[in-house]
Amino acid sequence: MEATSILVHLFLSVIHLSSSMADISCMDEAGHPVDWFVIYKLPKYIINQSAGLGLNYMYLDPSNSGWKQSQYLINMTESATGRTLQQLYSTYHSKEQLAAKKKRQKEREALGDKAPPKSVPKTIENQRVYDETTVDPNDEEVAFDEATDEFSSYFNRKTSPKILITTSDRPRGRTVRLCEQLAKVVPNSHVYYRRGLALKKIIPQCVAREFTDLLVINEDRKVPNGLIVSHLPDGPTAHFKMSNMRLAKELKRRGKDPTKHSPEVILNNFSTRLGHSIGRMFASLFPYSPQFVGRQVATFHNQRDYIFFRFHRYIFKNEKKVGLQELGPRFTLKLRSLQKGTFDSKYGEYEWVHKRHEMDTSRRKFHL
């Protein structure tokens with residue numbers, strides 16, 4: 001009776017799909033197509049200190065010489081049944097969505113000019129919480145601030161950028177190569193290594209030699225993880241977290257090395273007063289008048305307070321088509337703080353500091 005009871009609980013599942021659905025096949029537990037597989041679902045049991053949930057199963061397919069117990073449960077998407085049935089669910093939903101789309105399109109064609117406007121899909125960006133510091137280009141206060149801030153001499157073309165690029169103490173290979181590649185991206189930039197000299201001592205030397213900006217690349221465990229941008233001589237100073245850094249040689253299908261032409265600069269989606277300041281800081285690193293003959297573009301794209309840096313060359317294929325070549329490097333920045341004046345970690349006055357537990361309470365709240 002006991003053996004009969006166990007056999008009653010065994011469930012034999014043989015899945016063999018018809019030839020009419022050639023694009024869908026049985027899938028093994030690794031997600032590879034197989035001609036067939038057999039599953040025995042094991043019953044609930046308690047033997048000594050081990051117990052079965054009633055969802056374990058034995059598995060057999062053409063690639064196995066015998067039965068083996070699966071590491072998955074039969075109701076998991078990683079199981080053979082889950083991977084196989086997922087194809088059917090996906091096909092069903094895609095056909096259902098396609099039919100609904102065609103129906104809506106016919107209705108719009110029938111209504112003609114009276115058709116209602118297409119609905120805009122909801123995204124985190126267009127559902128963004130309104131920020132009262134959002135910049136209005138026609139605001140007189142904003143225009144006054146731009147005419148009197150620390151970057152006004154650059155935008156009035158009274159000063160030309162001269163950049164010093166340095167690192168934390170004893171930089172490793174990837175950080176050194178990043179400095180070298182940034183020097184090719186930013187015109188009139190010079191790379192010097194600190195050799196134990198404190199930043200507070202470097203800044204007066206930079207001012208004396210008429211540098212307009214100081215870039216400091218920090219690293220942790222041989223990986224660049226931070227960027228300090230200090231505008232000279234009066235600040236401000238921004239501290240960023242750096243992530244997802246890729247050197248030029250690590251990019252697929254990259255173009256030839258950058259030329260010495262001054263690139264065009266694209267600043268995208270810096271919409272608040274804080275974002276406006278950060279965008280003007282990045283713009284002041286490059287010559288005011290780009291050399292279009294070089295066809296090189298430096299892009300700072302802000303999305304959800306993450307700033308993505310890319311460096312491209314564009315190529316005119318014909319009168320209508322334009323291609324892009326990424327030249328590198330690339331990285332992502334996250335603003336940590338904005339400090340008044342030049343770098344001073346001890347007595348500096350901060351305009352803005354990112355406090356994660358207080359500021360990141362909503363996914364739809366952004367600061368740049």
# chains A, B, ... in the order shown; residues from 1 in each chain; ligands from 1
$ residues_around --residues "range 345-351 of chain A" --least-positions-apart "6" --cutoff "12 Å" --atoms "only C-alpha atoms" --output "compact mmCIF listing (two decimals) with all heavy atoms, in the first residue's frame"
# COMPACT_ATOMS: atom_id res chain seq x y z
N ALA A 198 49.59 68.42 -1.03
CA ALA A 198 48.19 68.63 -0.65
C ALA A 198 47.50 69.54 -1.65
O ALA A 198 48.12 70.45 -2.23
CB ALA A 198 48.10 69.22 0.75
N LEU A 199 46.20 69.31 -1.85
CA LEU A 199 45.44 70.12 -2.80
C LEU A 199 45.44 71.60 -2.42
O LEU A 199 45.47 72.48 -3.29
CB LEU A 199 44.00 69.61 -2.89
CG LEU A 199 43.73 68.40 -3.78
CD1 LEU A 199 42.26 68.05 -3.78
CD2 LEU A 199 44.19 68.67 -5.20
N LYS A 200 45.38 71.90 -1.13
CA LYS A 200 45.35 73.30 -0.68
C LYS A 200 46.64 74.03 -1.05
O LYS A 200 46.65 75.26 -1.14
CB LYS A 200 45.10 73.36 0.82
CG LYS A 200 43.71 72.85 1.22
CD LYS A 200 43.48 72.94 2.70
CE LYS A 200 43.30 74.36 3.14
NZ LYS A 200 42.89 74.46 4.56
N ILE A 228 36.82 65.69 -8.70
CA ILE A 228 36.66 67.02 -8.11
C ILE A 228 36.94 68.04 -9.20
O ILE A 228 37.97 67.99 -9.87
CB ILE A 228 37.62 67.23 -6.92
CG1 ILE A 228 37.29 66.25 -5.79
CG2 ILE A 228 37.54 68.66 -6.41
CD1 ILE A 228 38.28 66.29 -4.64
N GLY A 235 36.32 79.64 -7.13
CA GLY A 235 35.36 78.55 -7.00
C GLY A 235 34.23 78.71 -7.99
O GLY A 235 34.29 79.55 -8.89
N PRO A 236 33.17 77.90 -7.86
CA PRO A 236 32.90 76.89 -6.83
C PRO A 236 33.65 75.58 -7.10
O PRO A 236 34.35 75.44 -8.10
CB PRO A 236 31.40 76.69 -6.94
CG PRO A 236 31.10 76.95 -8.39
CD PRO A 236 32.05 78.04 -8.81
N THR A 237 33.46 74.62 -6.18
CA THR A 237 34.09 73.32 -6.27
C THR A 237 33.02 72.24 -6.17
O THR A 237 32.22 72.24 -5.23
CB THR A 237 35.12 73.13 -5.14
OG1 THR A 237 36.13 74.13 -5.25
CG2 THR A 237 35.75 71.75 -5.21
N ALA A 238 33.00 71.33 -7.13
CA ALA A 238 32.01 70.24 -7.16
C ALA A 238 32.72 68.91 -6.96
O ALA A 238 33.81 68.69 -7.50
CB ALA A 238 31.25 70.23 -8.47
N HIS A 239 32.09 68.05 -6.16
CA HIS A 239 32.62 66.72 -5.91
C HIS A 239 31.63 65.70 -6.47
O HIS A 239 30.45 65.69 -6.10
CB HIS A 239 32.82 66.50 -4.40
CG HIS A 239 33.37 65.14 -4.06
ND1 HIS A 239 33.16 64.53 -2.85
CD2 HIS A 239 34.09 64.27 -4.81
CE1 HIS A 239 33.75 63.35 -2.85
NE2 HIS A 239 34.32 63.16 -4.03
N ARG A 273 18.29 75.38 -10.78
CA ARG A 273 19.36 76.34 -10.52
C ARG A 273 20.68 75.61 -10.22
O ARG A 273 21.74 76.03 -10.68
CB ARG A 273 18.98 77.25 -9.33
CG ARG A 273 17.77 78.13 -9.57
CD ARG A 273 18.06 79.18 -10.63
NE ARG A 273 18.97 80.20 -10.17
CZ ARG A 273 18.60 81.33 -9.60
NH1 ARG A 273 17.32 81.59 -9.41
NH2 ARG A 273 19.50 82.23 -9.24
N LEU A 274 20.58 74.53 -9.44
CA LEU A 274 21.77 73.73 -9.16
C LEU A 274 22.32 73.10 -10.44
O LEU A 274 23.52 73.15 -10.71
CB LEU A 274 21.45 72.64 -8.14
CG LEU A 274 22.56 71.65 -7.81
CD1 LEU A 274 23.75 72.35 -7.16
CD2 LEU A 274 22.05 70.53 -6.90
N SER A 277 24.11 75.60 -12.63
CA SER A 277 25.48 75.90 -12.17
C SER A 277 26.45 74.81 -12.59
O SER A 277 27.57 75.09 -13.04
CB SER A 277 25.49 76.06 -10.65
OG SER A 277 24.69 77.15 -10.24
N ARG A 336 27.90 64.84 -5.50
CA ARG A 336 27.89 64.63 -4.05
C ARG A 336 27.79 65.94 -3.29
O ARG A 336 27.11 66.01 -2.26
CB ARG A 336 29.16 63.87 -3.62
CG ARG A 336 29.22 62.43 -4.09
CD ARG A 336 28.00 61.66 -3.67
NE ARG A 336 28.08 60.25 -3.99
CZ ARG A 336 27.03 59.45 -4.01
NH1 ARG A 336 25.82 59.92 -3.77
NH2 ARG A 336 27.17 58.17 -4.29
N SER A 337 28.48 66.98 -3.75
CA SER A 337 28.42 68.26 -3.05
C SER A 337 28.87 69.37 -3.97
O SER A 337 29.60 69.14 -4.95
CB SER A 337 29.30 68.24 -1.79
OG SER A 337 30.67 68.10 -2.14
N LEU A 338 28.42 70.60 -3.66
CA LEU A 338 28.87 71.80 -4.34
C LEU A 338 29.29 72.78 -3.26
O LEU A 338 28.50 73.15 -2.39
CB LEU A 338 27.75 72.39 -5.21
CG LEU A 338 28.13 73.64 -6.00
CD1 LEU A 338 29.19 73.29 -7.04
CD2 LEU A 338 26.91 74.26 -6.69
N GLN A 339 30.54 73.19 -3.32
CA GLN A 339 31.15 74.00 -2.27
C GLN A 339 31.48 75.39 -2.81
O GLN A 339 31.94 75.55 -3.94
CB GLN A 339 32.43 73.31 -1.78
CG GLN A 339 33.17 74.04 -0.69
CD GLN A 339 34.45 73.32 -0.31
OE1 GLN A 339 34.68 72.18 -0.73
NE2 GLN A 339 35.29 73.96 0.47
$ select_by_dssp --residues "range 60-127 of chain A" --states "helix (DSSP H, G or I)" --output "PyMOL selection string"
chain A and resi 80-114
$ write_last_selection --atoms "N, CA, C and O atoms" --output "CSV table (one decimal), in the first residue's frame"
chain,number,residue,atom,x,y,z
A,80,ALA,N,12.4,23.5,-16.4
A,80,ALA,CA,12.2,23.2,-17.8
A,80,ALA,C,10.8,23.5,-18.2
A,80,ALA,O,10.6,24.1,-19.3
A,81,THR,N,9.8,23.2,-17.4
A,81,THR,CA,8.4,23.6,-17.7
A,81,THR,C,8.3,25.1,-17.7
A,81,THR,O,7.6,25.6,-18.6
A,82,GLY,N,8.9,25.8,-16.8
A,82,GLY,CA,8.8,27.3,-16.8
A,82,GLY,C,9.3,27.9,-18.0
A,82,GLY,O,8.7,28.8,-18.6
A,83,ARG,N,10.5,27.4,-18.4
A,83,ARG,CA,11.2,28.0,-19.6
A,83,ARG,C,10.4,27.7,-20.9
A,83,ARG,O,10.3,28.5,-21.8
A,84,THR,N,9.8,26.5,-20.9
A,84,THR,CA,9.1,26.1,-22.1
A,84,THR,C,7.7,26.9,-22.2
A,84,THR,O,7.4,27.5,-23.3
A,85,LEU,N,7.0,26.9,-21.1
A,85,LEU,CA,5.7,27.6,-21.1
A,85,LEU,C,5.8,29.1,-21.3
A,85,LEU,O,4.9,29.8,-21.8
A,86,GLN,N,7.0,29.7,-20.9
A,86,GLN,CA,7.2,31.1,-21.0
A,86,GLN,C,7.1,31.6,-22.5
A,86,GLN,O,6.6,32.7,-22.8
A,87,GLN,N,7.5,30.7,-23.4
A,87,GLN,CA,7.4,31.0,-24.8
A,87,GLN,C,6.0,31.2,-25.2
A,87,GLN,O,5.6,32.1,-26.0
A,88,LEU,N,5.1,30.3,-24.7
A,88,LEU,CA,3.7,30.4,-25.1
A,88,LEU,C,3.1,31.6,-24.5
A,88,LEU,O,2.3,32.3,-25.2
A,89,TYR,N,3.4,32.0,-23.3
A,89,TYR,CA,2.8,33.2,-22.6
A,89,TYR,C,3.2,34.4,-23.4
A,89,TYR,O,2.4,35.3,-23.7
A,90,SER,N,4.5,34.5,-23.8
A,90,SER,CA,5.1,35.6,-24.5
A,90,SER,C,4.4,35.8,-25.8
A,90,SER,O,4.0,36.9,-26.2
A,91,THR,N,4.2,34.7,-26.5
A,91,THR,CA,3.6,34.7,-27.9
A,91,THR,C,2.2,35.2,-27.8
A,91,THR,O,1.7,36.0,-28.6
A,92,TYR,N,1.5,34.6,-26.8
A,92,TYR,CA,0.1,35.0,-26.6
A,92,TYR,C,-0.1,36.5,-26.3
A,92,TYR,O,-0.9,37.2,-27.0
A,93,HIS,N,0.7,37.0,-25.4
A,93,HIS,CA,0.6,38.4,-25.0
A,93,HIS,C,1.0,39.3,-26.2
A,93,HIS,O,0.4,40.4,-26.4
A,94,SER,N,2.0,39.0,-26.9
A,94,SER,CA,2.5,39.8,-28.1
A,94,SER,C,1.4,39.9,-29.1
A,94,SER,O,1.2,40.9,-29.7
A,95,LYS,N,0.8,38.7,-29.4
A,95,LYS,CA,-0.3,38.7,-30.4
A,95,LYS,C,-1.5,39.5,-30.0
A,95,LYS,O,-2.1,40.2,-30.8
A,96,GLU,N,-1.8,39.4,-28.7
A,96,GLU,CA,-2.9,40.2,-28.1
A,96,GLU,C,-2.7,41.7,-28.2
A,96,GLU,O,-3.5,42.5,-28.6
A,97,GLN,N,-1.5,42.1,-27.9
A,97,GLN,CA,-1.1,43.5,-28.0
A,97,GLN,C,-1.1,44.0,-29.4
A,97,GLN,O,-1.5,45.1,-29.7
A,98,LEU,N,-0.6,43.2,-30.3
A,98,LEU,CA,-0.6,43.6,-31.7
A,98,LEU,C,-2.0,43.8,-32.3
A,98,LEU,O,-2.3,44.7,-33.0
A,99,ALA,N,-2.9,42.9,-31.9
A,99,ALA,CA,-4.3,43.0,-32.3
A,99,ALA,C,-5.0,44.3,-31.8
A,99,ALA,O,-5.7,45.0,-32.5
A,100,ALA,N,-4.7,44.6,-30.5
A,100,ALA,CA,-5.3,45.8,-29.9
A,100,ALA,C,-4.7,47.0,-30.6
A,100,ALA,O,-5.4,48.0,-30.8
A,101,LYS,N,-3.4,47.0,-30.9
A,101,LYS,CA,-2.8,48.2,-31.6
A,101,LYS,C,-3.4,48.4,-33.0
A,101,LYS,O,-3.7,49.5,-33.4
A,102,LYS,N,-3.7,47.3,-33.8
A,102,LYS,CA,-4.3,47.4,-35.1
A,102,LYS,C,-5.7,47.9,-35.0
A,102,LYS,O,-6.2,48.7,-35.8
A,103,LYS,N,-6.4,47.5,-33.9
A,103,LYS,CA,-7.8,48.0,-33.7
A,103,LYS,C,-7.8,49.5,-33.4
A,103,LYS,O,-8.6,50.2,-34.0
A,104,ARG,N,-6.9,50.0,-32.6
A,104,ARG,CA,-6.8,51.4,-32.3
A,104,ARG,C,-6.5,52.2,-33.5
A,104,ARG,O,-7.0,53.3,-33.8
A,105,GLN,N,-5.6,51.6,-34.4
A,105,GLN,CA,-5.1,52.3,-35.6
A,105,GLN,C,-6.3,52.5,-36.5
A,105,GLN,O,-6.5,53.6,-37.2
A,106,LYS,N,-7.1,51.4,-36.7
A,106,LYS,CA,-8.3,51.5,-37.6
A,106,LYS,C,-9.3,52.5,-37.1
A,106,LYS,O,-9.9,53.3,-37.9
A,107,GLU,N,-9.5,52.6,-35.8
A,107,GLU,CA,-10.4,53.6,-35.2
A,107,GLU,C,-9.9,55.0,-35.5
A,107,GLU,O,-10.7,55.9,-35.8
A,108,ARG,N,-8.6,55.2,-35.4
A,108,ARG,CA,-8.1,56.6,-35.6
A,108,ARG,C,-8.2,57.0,-37.1
A,108,ARG,O,-8.5,58.1,-37.4
A,109,GLU,N,-8.0,56.0,-38.0
A,109,GLU,CA,-8.2,56.3,-39.4
A,109,GLU,C,-9.6,56.6,-39.8
A,109,GLU,O,-9.9,57.4,-40.6
A,110,ALA,N,-10.6,55.9,-39.1
A,110,ALA,CA,-12.0,56.1,-39.3
A,110,ALA,C,-12.4,57.5,-38.9
A,110,ALA,O,-13.2,58.2,-39.5
A,111,LEU,N,-11.9,58.0,-37.7
A,111,LEU,CA,-12.2,59.3,-37.2
A,111,LEU,C,-11.5,60.4,-37.9
A,111,LEU,O,-12.0,61.6,-37.9
A,112,GLY,N,-10.4,60.1,-38.6
A,112,GLY,CA,-9.7,61.2,-39.3
A,112,GLY,C,-9.2,62.3,-38.4
A,112,GLY,O,-8.5,62.1,-37.4
A,113,ASP,N,-9.5,63.5,-38.8
A,113,ASP,CA,-9.1,64.7,-38.0
A,113,ASP,C,-9.7,64.8,-36.6
A,113,ASP,O,-9.2,65.5,-35.8
A,114,LYS,N,-10.8,64.1,-36.5
A,114,LYS,CA,-11.5,64.1,-35.2
A,114,LYS,C,-10.9,63.1,-34.2
A,114,LYS,O,-11.4,63.0,-33.0
$ closest_atom_pairs --of "range 168-286 of chain A" --to "range 330-335 of chain A" --cutoff "9 Å" --atoms "only C-alpha atoms" --output "Markdown table"
| residue | atom | partner | partner_atom | distance |
| --- | --- | --- | --- | --- |
| A:Gly226 | CA | A:Leu333 | CA | 8.2 |
| A:Leu227 | CA | A:Leu333 | CA | 8.1 |
| A:Ala238 | CA | A:Leu335 | CA | 7.3 |
| A:His239 | CA | A:Leu335 | CA | 6.2 |
| A:Phe240 | CA | A:Leu335 | CA | 4.5 |
| A:Lys241 | CA | A:Lys334 | CA | 5.0 |
| A:Met242 | CA | A:Leu333 | CA | 4.8 |
| A:Ser243 | CA | A:Thr332 | CA | 5.3 |
| A:Asn244 | CA | A:Phe331 | CA | 5.3 |
| A:Met245 | CA | A:Phe331 | CA | 4.2 |
| A:Arg246 | CA | A:Arg330 | CA | 5.3 |
| A:Leu247 | CA | A:Arg330 | CA | 6.7 |
| A:Ala248 | CA | A:Arg330 | CA | 7.8 |
| A:Leu251 | CA | A:Arg330 | CA | 8.9 |
$ residues_around --residues "Gly255 in chain A" --least-positions-apart "5" --cutoff "7 Å" --atoms "only C-alpha atoms" --output "PyMOL selection string"
chain A and resi 325-327
$ write_last_selection --atoms "N, CA, C and O atoms" --output "CSV table (one decimal), in the first residue's frame"
chain,number,residue,atom,x,y,z
A,325,GLN,N,30.8,58.0,-34.2
A,325,GLN,CA,31.9,57.2,-33.7
A,325,GLN,C,32.2,57.6,-32.3
A,325,GLN,O,32.6,58.8,-32.1
A,326,GLU,N,32.2,56.7,-31.4
A,326,GLU,CA,32.6,57.0,-30.0
A,326,GLU,C,34.1,56.9,-29.9
A,326,GLU,O,34.7,55.9,-30.3
A,327,LEU,N,34.7,58.0,-29.3
A,327,LEU,CA,36.1,58.1,-29.3
A,327,LEU,C,36.6,57.7,-27.9
A,327,LEU,O,37.8,57.3,-27.7
$ closest_residue --among "A:Val207, A:Ser63, A:Asp257, A:Arg172" --to "Arg221 in chain A" --atoms "only C-alpha atoms"
A:Arg172
$ residues_around --residues "range 310-322 of chain A" --least-positions-apart "6" --cutoff "10 Å" --atoms "only C-alpha atoms" --output "tab-separated table (two decimals) with C-alpha atoms, in the first residue's frame"
chain	number	residue	atom	x	y	z
A	185	VAL	CA	39.37	65.58	-24.90
A	248	ALA	CA	38.98	54.29	-25.21
A	254	ARG	CA	35.54	53.06	-31.52
A	255	GLY	CA	36.88	55.64	-33.94
A	256	LYS	CA	40.41	56.87	-34.46
A	257	ASP	CA	42.13	58.97	-31.79
A	258	PRO	CA	40.72	62.49	-31.24
A	259	THR	CA	42.26	65.38	-33.12
A	263	PRO	CA	34.99	70.06	-29.64
A	264	GLU	CA	31.39	71.16	-29.55
A	265	VAL	CA	29.76	70.78	-26.12
A	266	ILE	CA	26.22	69.49	-25.51
A	294	GLY	CA	37.00	68.55	-36.27
A	295	ARG	CA	33.39	67.20	-36.03
A	296	GLN	CA	33.96	66.23	-32.37
A	297	VAL	CA	31.31	66.50	-29.66
A	298	ALA	CA	31.58	66.26	-25.86
A	299	THR	CA	28.21	65.42	-24.30
A	300	PHE	CA	27.11	65.79	-20.69
A	301	HIS	CA	23.64	64.21	-20.49
A	328	GLY	CA	36.21	57.62	-25.47
A	329	PRO	CA	36.64	57.73	-22.62
A	330	ARG	CA	33.18	57.38	-21.07
A	331	PHE	CA	31.98	57.56	-17.46
A	332	THR	CA	29.02	58.40	-15.26
$ select_by_dssp --residues "range 77-233 of chain A" --states "strand (DSSP E)" --output "number ranges by chain"
A: 163-167, 189-191, 213-220, 223-231
$ closest_residue --among "A:Ile39, A:Asn56, A:Thr212, A:Ser25" --to "Lys158 in chain A" --atoms "only C-alpha atoms"
A:Thr212
$ residues_around --residues "range 138-150 of chain A" --least-positions-apart "4" --cutoff "9 Å" --atoms "only C-alpha atoms" --output "number ranges by chain"
A: 154-156, 231-236, 273
$ write_last_selection --atoms "N, CA, C and O atoms" --output "PDB file, in the first residue's frame"
ATOM      1  N   TYR A 154      34.195  83.828 -18.421  1.00  0.00           N
ATOM      2  CA  TYR A 154      34.341  82.864 -19.514  1.00  0.00           C
ATOM      3  C   TYR A 154      33.277  83.105 -20.578  1.00  0.00           C
ATOM      4  O   TYR A 154      33.579  83.169 -21.777  1.00  0.00           O
ATOM      5  N   PHE A 155      32.017  83.244 -20.164  1.00  0.00           N
ATOM      6  CA  PHE A 155      30.934  83.410 -21.134  1.00  0.00           C
ATOM      7  C   PHE A 155      30.969  84.784 -21.808  1.00  0.00           C
ATOM      8  O   PHE A 155      30.405  84.953 -22.886  1.00  0.00           O
ATOM      9  N   ASN A 156      31.635  85.752 -21.183  1.00  0.00           N
ATOM     10  CA  ASN A 156      31.842  87.054 -21.820  1.00  0.00           C
ATOM     11  C   ASN A 156      33.115  87.077 -22.656  1.00  0.00           C
ATOM     12  O   ASN A 156      33.507  88.126 -23.181  1.00  0.00           O
ATOM     13  N   HIS A 231      36.754  75.451  -9.844  1.00  0.00           N
ATOM     14  CA  HIS A 231      36.918  76.597 -10.739  1.00  0.00           C
ATOM     15  C   HIS A 231      37.784  77.634 -10.038  1.00  0.00           C
ATOM     16  O   HIS A 231      37.539  77.980  -8.875  1.00  0.00           O
ATOM     17  N   LEU A 232      38.772  78.133 -10.740  1.00  0.00           N
ATOM     18  CA  LEU A 232      39.742  79.063 -10.159  1.00  0.00           C
ATOM     19  C   LEU A 232      39.549  80.462 -10.741  1.00  0.00           C
ATOM     20  O   LEU A 232      39.114  80.601 -11.885  1.00  0.00           O
ATOM     21  N   PRO A 233      39.811  81.516  -9.930  1.00  0.00           N
ATOM     22  CA  PRO A 233      40.412  81.466  -8.589  1.00  0.00           C
ATOM     23  C   PRO A 233      39.413  81.477  -7.431  1.00  0.00           C
ATOM     24  O   PRO A 233      39.799  81.317  -6.289  1.00  0.00           O
ATOM     25  N   ASP A 234      38.123  81.650  -7.720  1.00  0.00           N
ATOM     26  CA  ASP A 234      37.150  81.889  -6.647  1.00  0.00           C
ATOM     27  C   ASP A 234      36.139  80.765  -6.461  1.00  0.00           C
ATOM     28  O   ASP A 234      35.169  80.931  -5.717  1.00  0.00           O
ATOM     29  N   GLY A 235      36.322  79.640  -7.130  1.00  0.00           N
ATOM     30  CA  GLY A 235      35.364  78.553  -7.001  1.00  0.00           C
ATOM     31  C   GLY A 235      34.226  78.707  -7.987  1.00  0.00           C
ATOM     32  O   GLY A 235      34.291  79.551  -8.887  1.00  0.00           O
ATOM     33  N   PRO A 236      33.173  77.897  -7.857  1.00  0.00           N
ATOM     34  CA  PRO A 236      32.901  76.891  -6.828  1.00  0.00           C
ATOM     35  C   PRO A 236      33.653  75.582  -7.096  1.00  0.00           C
ATOM     36  O   PRO A 236      34.350  75.443  -8.097  1.00  0.00           O
ATOM     37  N   ARG A 273      18.292  75.381 -10.776  1.00  0.00           N
ATOM     38  CA  ARG A 273      19.364  76.341 -10.516  1.00  0.00           C
ATOM     39  C   ARG A 273      20.676  75.610 -10.217  1.00  0.00           C
ATOM     40  O   ARG A 273      21.742  76.025 -10.676  1.00  0.00           O
TER      41      ARG A 273
END
$ closest_atom_pairs --of "range 111-177 of chain A" --to "range 353-367 of chain A" --cutoff "7 Å" --atoms "only C-alpha atoms" --output "CSV"
residue,atom,partner,partner_atom,distance
A:Ile124,CA,A:Arg364,CA,5.9
A:Gln127,CA,A:Arg364,CA,6.6
A:Arg128,CA,A:Arg364,CA,4.7
A:Val129,CA,A:Lys365,CA,5.3
$ write_last_selection --atoms "N, CA and C atoms" --output "PDB file, in the first residue's frame"
ATOM      1  N   ILE A 124       9.182  58.062 -15.592  1.00  0.00           N
ATOM      2  CA  ILE A 124       9.629  58.751 -14.384  1.00  0.00           C
ATOM      3  C   ILE A 124       9.989  60.193 -14.713  1.00  0.00           C
ATOM      4  N   GLN A 127       6.822  62.358 -15.215  1.00  0.00           N
ATOM      5  CA  GLN A 127       6.047  62.408 -13.980  1.00  0.00           C
ATOM      6  C   GLN A 127       6.868  63.030 -12.848  1.00  0.00           C
ATOM      7  N   ARG A 128       7.928  63.729 -13.217  1.00  0.00           N
ATOM      8  CA  ARG A 128       8.844  64.318 -12.248  1.00  0.00           C
ATOM      9  C   ARG A 128       8.138  65.306 -11.332  1.00  0.00           C
ATOM     10  N   VAL A 129       8.498  65.257 -10.054  1.00  0.00           N
ATOM     11  CA  VAL A 129       7.959  66.204  -9.075  1.00  0.00           C
ATOM     12  C   VAL A 129       8.480  67.595  -9.415  1.00  0.00           C
TER      13      VAL A 129
END
$ atom_distance --atom1 "CA of Met76 in chain A" --atom2 "CA of Ile24 in chain A"
19.3 Å
$ residues_around --residues "Tyr72 in chain A" --least-positions-apart "5" --cutoff "12 Å" --atoms "only C-alpha atoms" --output "PyMOL selection string"
chain A and resi 28-30+41+53+55-59+77-83
$ residues_around --residues "Thr166 in chain A" --least-positions-apart "3" --cutoff "7 Å" --atoms "only C-alpha atoms" --output "compact mmCIF listing (two decimals) with N, CA and C atoms, in the first residue's frame"
# COMPACT_ATOMS: atom_id res chain seq x y z
N VAL A 191 48.57 67.63 -17.62
CA VAL A 191 48.53 66.57 -16.62
C VAL A 191 49.78 66.65 -15.75
N TYR A 192 49.56 66.77 -14.43
CA TYR A 192 50.67 66.74 -13.47
C TYR A 192 50.27 65.80 -12.34
N TYR A 193 51.25 65.07 -11.82
CA TYR A 193 50.97 64.14 -10.72
C TYR A 193 51.44 64.77 -9.40
N ARG A 194 50.67 64.55 -8.35
CA ARG A 194 50.82 65.33 -7.12
C ARG A 194 52.09 65.00 -6.33
N LEU A 215 41.09 69.77 -12.14
CA LEU A 215 40.38 68.50 -12.13
C LEU A 215 41.21 67.49 -11.34
N VAL A 216 40.59 66.84 -10.35
CA VAL A 216 41.27 65.85 -9.53
C VAL A 216 40.52 64.53 -9.67
N ILE A 217 41.20 63.48 -10.13
CA ILE A 217 40.59 62.16 -10.27
C ILE A 217 41.04 61.29 -9.11
$ closest_residue --among "A:Ala283, A:Ile278, A:Ile203, A:Val293" --to "Gly341 in chain A" --atoms "only C-alpha atoms"
A:Ile203
$ atom_distance --atom1 "CA of Leu214 in chain A" --atom2 "CA of Pro137 in chain A"
28.9 Å
$ atom_distance --atom1 "CA of Gln69 in chain A" --atom2 "CA of Leu42 in chain A"
9.5 Å
